[in-house]
Amino acid sequence: MGVFRTVTRPFVRVFAAYEAAVARRPLGTQIAAGTVLVTIGDGLAQHAVEKTPRHDWRRTGIMIAMRGVLHSWLIVSWLRLLHERLPLPQLSQYGRVAVHLTLDQSFFGPANIGLFFAGSGVLEGKSVDEIKAKIRDRWWSSVKLGWGVWVPFSFCMYSFVPMTYRLVSGQLVGIGWNCYMSYANAHAQRQRAEAKDQLTAT
């Protein structure tokens, strides 16, 4: 028991500090936490998955803007909307979870993925046609993969995780997801560049 307390004490302190910060500045704290975790995810995508020799800070900046700041603000607002405006007290706990999960994964999740590809395209200076091509190439496959990750996680989150910790728990799981999104965005960009080079060569 003594060893367990020694090992877990730093984590308990971190969560206590996070909870106190959320109580003082809920939105700012959760956006800051999301930004840190998104940066980690992009770093893993660049160096652990793609093995890039030099870090692309412009790409990291786009990920921070889209996933760290905008996405965190949107998801905090979305979770608050479900929690406060759509509490559905007439339903059982799992009835509410089913409704919230359905809305989350049929509307918010797919729209958020489309917004990410569109917004990152704008920040990259892409044309409207290039942004449309990116969405056409990557949106549906990302939505399907996202369902495999976020449906089981969201079920557990809506069932057991307190409101204060929902964003940060999602962002912890989302380190892997942000790693994939960063890779998918960069991979689509490279594919279009290679296709353009081939057309130019011919």
# chains A, B, ... in the order shown; residues from 1 in each chain; ligands from 1

$ closest_atom_pairs --of "stretch 62-129 of chain A" --to "stretch 28-50 of chain A" --cutoff "9 Å" --atoms "only C-alpha atoms" --output "Markdown table"
| residue | atom | partner | partner_atom | distance |
| --- | --- | --- | --- | --- |
| A:Met63 | CA | A:Val38 | CA | 7.0 |
| A:Ile64 | CA | A:Thr35 | CA | 5.8 |
| A:Ala65 | CA | A:Thr35 | CA | 8.4 |
| A:Arg67 | CA | A:Val38 | CA | 6.5 |
| A:Gly68 | CA | A:Thr35 | CA | 3.9 |
| A:Val69 | CA | A:Ile31 | CA | 5.7 |
| A:Leu70 | CA | A:Ile31 | CA | 8.4 |
| A:His71 | CA | A:Gly34 | CA | 8.5 |
| A:Ser72 | CA | A:Ile31 | CA | 5.3 |
| A:Trp73 | CA | A:Ile31 | CA | 6.5 |
| A:Val76 | CA | A:Gln30 | CA | 7.9 |

$ residues_around --residues "stretch 19-26 of chain A" --least-positions-apart "5" --cutoff "9 Å" --atoms "only C-alpha atoms" --output "list in words"
Val14, Ile31, Thr164 and Tyr165 of chain A

$ write_last_selection --atoms "all heavy atoms" --output "mmCIF file, in the first residue's frame"
data_model
loop_
_atom_site.group_PDB
_atom_site.id
_atom_site.type_symbol
_atom_site.label_atom_id
_atom_site.label_comp_id
_atom_site.auth_asym_id
_atom_site.auth_seq_id
_atom_site.Cartn_x
_atom_site.Cartn_y
_atom_site.Cartn_z
ATOM 1 N N VAL A 14 -1.230 16.148 -9.616
ATOM 2 C CA VAL A 14 -1.468 16.754 -10.934
ATOM 3 C C VAL A 14 -2.958 16.906 -11.194
ATOM 4 O O VAL A 14 -3.428 17.966 -11.631
ATOM 5 C CB VAL A 14 -0.805 15.903 -12.044
ATOM 6 C CG1 VAL A 14 -1.301 16.346 -13.427
ATOM 7 C CG2 VAL A 14 0.707 16.026 -11.972
ATOM 8 N N ILE A 31 -8.303 24.296 -22.829
ATOM 9 C CA ILE A 31 -7.644 24.577 -24.109
ATOM 10 C C ILE A 31 -6.131 24.397 -23.970
ATOM 11 O O ILE A 31 -5.470 23.833 -24.854
ATOM 12 C CB ILE A 31 -7.994 25.989 -24.609
ATOM 13 C CG1 ILE A 31 -9.444 26.022 -25.096
ATOM 14 C CG2 ILE A 31 -7.048 26.424 -25.727
ATOM 15 C CD1 ILE A 31 -9.912 27.397 -25.527
ATOM 16 N N THR A 164 -15.798 17.532 -15.647
ATOM 17 C CA THR A 164 -14.540 18.271 -15.555
ATOM 18 C C THR A 164 -13.406 17.587 -16.301
ATOM 19 O O THR A 164 -12.520 18.240 -16.855
ATOM 20 C CB THR A 164 -14.136 18.444 -14.081
ATOM 21 O OG1 THR A 164 -15.190 19.122 -13.393
ATOM 22 C CG2 THR A 164 -12.851 19.238 -13.941
ATOM 23 N N TYR A 165 -13.437 16.243 -16.334
ATOM 24 C CA TYR A 165 -12.317 15.486 -16.896
ATOM 25 C C TYR A 165 -12.591 14.955 -18.303
ATOM 26 O O TYR A 165 -11.751 14.243 -18.853
ATOM 27 C CB TYR A 165 -11.971 14.315 -15.976
ATOM 28 C CG TYR A 165 -11.409 14.747 -14.646
ATOM 29 C CD1 TYR A 165 -12.197 14.729 -13.505
ATOM 30 C CD2 TYR A 165 -10.098 15.189 -14.536
ATOM 31 C CE1 TYR A 165 -11.684 15.137 -12.273
ATOM 32 C CE2 TYR A 165 -9.580 15.590 -13.320
ATOM 33 C CZ TYR A 165 -10.380 15.568 -12.191
ATOM 34 O OH TYR A 165 -9.870 15.969 -10.993
#

$ select_by_dssp --residues "stretch 42-127 of chain A" --states "alpha helix (DSSP H)" --output "PyMOL selection string"
chain A and resi 42-44+57-63+71-80+93-103+109-123

$ residues_around --residues "stretch 93-102 of chain A" --least-positions-apart "5" --cutoff "7 Å" --atoms "only C-alpha atoms" --output "tab-separated table (two decimals) with all heavy atoms, in the first residue's frame"
chain	number	residue	atom	x	y	z
A	82	LEU	N	-24.48	19.29	-24.32
A	82	LEU	CA	-25.13	18.01	-24.02
A	82	LEU	C	-25.44	17.88	-22.53
A	82	LEU	O	-26.51	17.39	-22.14
A	82	LEU	CB	-24.24	16.85	-24.46
A	82	LEU	CG	-24.00	16.70	-25.97
A	82	LEU	CD1	-23.08	15.51	-26.23
A	82	LEU	CD2	-25.30	16.55	-26.74
A	88	LEU	N	-31.82	15.28	-20.45
A	88	LEU	CA	-32.75	14.15	-20.63
A	88	LEU	C	-33.00	13.40	-19.32
A	88	LEU	O	-32.75	12.19	-19.22
A	88	LEU	CB	-32.19	13.19	-21.69
A	88	LEU	CG	-31.91	13.79	-23.08
A	88	LEU	CD1	-31.24	12.77	-23.96
A	88	LEU	CD2	-33.20	14.29	-23.70
A	154	SER	N	-16.26	7.06	-26.15
A	154	SER	CA	-17.31	8.00	-25.75
A	154	SER	C	-18.37	7.32	-24.89
A	154	SER	O	-18.93	7.94	-23.99
A	154	SER	CB	-17.96	8.63	-26.99
A	154	SER	OG	-17.02	9.40	-27.71
A	155	PHE	N	-18.64	6.04	-25.17
A	155	PHE	CA	-19.58	5.31	-24.32
A	155	PHE	C	-19.07	5.29	-22.88
A	155	PHE	O	-19.82	5.57	-21.93
A	155	PHE	CB	-19.76	3.89	-24.83
A	155	PHE	CG	-20.62	3.04	-23.92
A	155	PHE	CD1	-21.99	3.14	-23.96
A	155	PHE	CD2	-20.03	2.17	-23.01
A	155	PHE	CE1	-22.78	2.37	-23.12
A	155	PHE	CE2	-20.81	1.40	-22.16
A	155	PHE	CZ	-22.19	1.50	-22.22
A	158	TYR	N	-19.11	9.10	-21.42
A	158	TYR	CA	-20.43	9.59	-21.02
A	158	TYR	C	-20.99	8.80	-19.84
A	158	TYR	O	-21.82	9.32	-19.09
A	158	TYR	CB	-21.40	9.54	-22.20
A	158	TYR	CG	-21.15	10.59	-23.25
A	158	TYR	CD1	-20.95	10.23	-24.59
A	158	TYR	CD2	-21.11	11.94	-22.93
A	158	TYR	CE1	-20.73	11.19	-25.56
A	158	TYR	CE2	-20.87	12.90	-23.90
A	158	TYR	CZ	-20.69	12.53	-25.21
A	158	TYR	OH	-20.45	13.48	-26.17
A	159	SER	N	-20.55	7.57	-19.68
A	159	SER	CA	-21.08	6.72	-18.61
A	159	SER	C	-20.38	6.95	-17.27
A	159	SER	O	-21.04	6.93	-16.22
A	159	SER	CB	-20.94	5.24	-18.99
A	159	SER	OG	-21.66	4.93	-20.15

$ closest_atom_pairs --of "stretch 96-167 of chain A" --to "stretch 174-182 of chain A" --cutoff "9 Å" --atoms "only C-alpha atoms" --output "Markdown table"
| residue | atom | partner | partner_atom | distance |
| --- | --- | --- | --- | --- |
| A:Ile113 | CA | A:Met181 | CA | 8.8 |
| A:Phe116 | CA | A:Met181 | CA | 8.8 |
| A:Ser142 | CA | A:Met181 | CA | 8.0 |
| A:Gly146 | CA | A:Trp177 | CA | 8.0 |
| A:Val149 | CA | A:Trp177 | CA | 8.2 |

$ write_last_selection --atoms "N, CA, C and O atoms" --output "short mmCIF file (atom, residue, chain, number, x, y, z; two decimals), in the first residue's frame"
data_model
loop_
_atom_site.label_atom_id
_atom_site.label_comp_id
_atom_site.auth_asym_id
_atom_site.auth_seq_id
_atom_site.Cartn_x
_atom_site.Cartn_y
_atom_site.Cartn_z
N ILE A 113 -14.23 16.54 -38.14
CA ILE A 113 -13.17 16.06 -39.02
C ILE A 113 -13.14 16.87 -40.32
O ILE A 113 -12.08 17.26 -40.80
N PHE A 116 -11.61 20.19 -39.63
CA PHE A 116 -10.16 20.11 -39.50
C PHE A 116 -9.48 20.13 -40.86
O PHE A 116 -8.53 20.90 -41.08
N SER A 142 -11.41 8.75 -42.55
CA SER A 142 -11.12 9.23 -41.20
C SER A 142 -12.34 9.08 -40.30
O SER A 142 -12.21 8.75 -39.11
N GLY A 146 -12.43 6.87 -37.07
CA GLY A 146 -12.81 7.57 -35.85
C GLY A 146 -13.90 6.85 -35.08
O GLY A 146 -13.88 6.80 -33.84
N VAL A 149 -12.54 4.23 -32.88
CA VAL A 149 -11.85 4.71 -31.69
C VAL A 149 -12.82 5.37 -30.72
O VAL A 149 -12.85 5.07 -29.52
#

$ residues_around --residues "A:Leu123" --least-positions-apart "4" --cutoff "12 Å" --atoms "only C-alpha atoms" --output "PyMOL selection string"
chain A and resi 58-66+116-119+127-128+131

$ atom_distance --atom1 "atom CA of A:Arg138" --atom2 "atom CA of A:Met157"
26.5 Å

$ closest_residue --among "A:Lys132, A:Tyr183, A:Pro87, A:Pro110" --to "A:Lys144" --atoms "only C-alpha atoms"
A:Pro110

$ atom_distance --atom1 "atom CA of A:Leu79" --atom2 "atom CA of A:Phe108"
10.4 Å

$ closest_residue --among "A:Phe153, A:Trp78, A:Trp140, A:Trp147" --to "A:Gln105" --atoms "only C-alpha atoms"
A:Trp147

$ closest_residue --among "A:Gly109, A:Ala16, A:Leu172, A:Ala186" --to "A:Asp56" --atoms "only C-alpha atoms"
A:Ala186

$ decode --residues "stretch 135-150 of chain A" --atoms "N, CA, C and O atoms" --output "short mmCIF file (atom, residue, chain, number, x, y, z; two decimals), in the first residue's frame"
data_model
loop_
_atom_site.label_atom_id
_atom_site.label_comp_id
_atom_site.auth_asym_id
_atom_site.auth_seq_id
_atom_site.Cartn_x
_atom_site.Cartn_y
_atom_site.Cartn_z
N ILE A 135 -10.65 16.84 -48.60
CA ILE A 135 -11.82 16.33 -47.88
C ILE A 135 -12.36 15.09 -48.58
O ILE A 135 -12.70 14.10 -47.92
N ARG A 136 -12.42 15.13 -49.90
CA ARG A 136 -12.92 13.98 -50.65
C ARG A 136 -12.03 12.75 -50.45
O ARG A 136 -12.53 11.62 -50.30
N ASP A 137 -10.73 12.95 -50.38
CA ASP A 137 -9.80 11.83 -50.27
C ASP A 137 -9.74 11.26 -48.85
O ASP A 137 -9.54 10.04 -48.68
N ARG A 138 -9.90 12.11 -47.83
CA ARG A 138 -9.58 11.69 -46.47
C ARG A 138 -10.75 11.68 -45.50
O ARG A 138 -10.68 11.03 -44.44
N TRP A 139 -11.84 12.40 -45.81
CA TRP A 139 -12.89 12.57 -44.80
C TRP A 139 -13.56 11.26 -44.41
O TRP A 139 -13.63 10.92 -43.23
N TRP A 140 -14.06 10.50 -45.39
CA TRP A 140 -14.84 9.31 -45.08
C TRP A 140 -14.00 8.24 -44.39
O TRP A 140 -14.44 7.63 -43.42
N SER A 141 -12.77 8.04 -44.87
CA SER A 141 -11.92 7.04 -44.22
C SER A 141 -11.58 7.45 -42.80
O SER A 141 -11.50 6.60 -41.89
N SER A 142 -11.41 8.75 -42.55
CA SER A 142 -11.12 9.23 -41.20
C SER A 142 -12.34 9.08 -40.30
O SER A 142 -12.21 8.75 -39.11
N VAL A 143 -13.54 9.35 -40.84
CA VAL A 143 -14.77 9.19 -40.05
C VAL A 143 -14.93 7.73 -39.63
O VAL A 143 -15.22 7.43 -38.46
N LYS A 144 -14.73 6.80 -40.57
CA LYS A 144 -14.89 5.37 -40.24
C LYS A 144 -13.87 4.92 -39.20
O LYS A 144 -14.21 4.19 -38.27
N LEU A 145 -12.62 5.36 -39.36
CA LEU A 145 -11.61 5.01 -38.38
C LEU A 145 -11.94 5.64 -37.03
O LEU A 145 -11.77 5.02 -35.98
N GLY A 146 -12.43 6.87 -37.07
CA GLY A 146 -12.81 7.57 -35.85
C GLY A 146 -13.90 6.85 -35.08
O GLY A 146 -13.88 6.80 -33.84
N TRP A 147 -14.87 6.29 -35.78
CA TRP A 147 -15.92 5.53 -35.10
C TRP A 147 -15.35 4.36 -34.31
O TRP A 147 -15.81 4.05 -33.22
N GLY A 148 -14.35 3.71 -34.90
CA GLY A 148 -13.74 2.58 -34.21
C GLY A 148 -13.03 2.98 -32.93
O GLY A 148 -12.94 2.20 -31.98
N VAL A 149 -12.54 4.23 -32.88
CA VAL A 149 -11.85 4.71 -31.69
C VAL A 149 -12.82 5.37 -30.72
O VAL A 149 -12.85 5.07 -29.52
N TRP A 150 -13.65 6.29 -31.25
CA TRP A 150 -14.40 7.19 -30.38
C TRP A 150 -15.74 6.65 -29.91
O TRP A 150 -16.25 7.10 -28.88
#
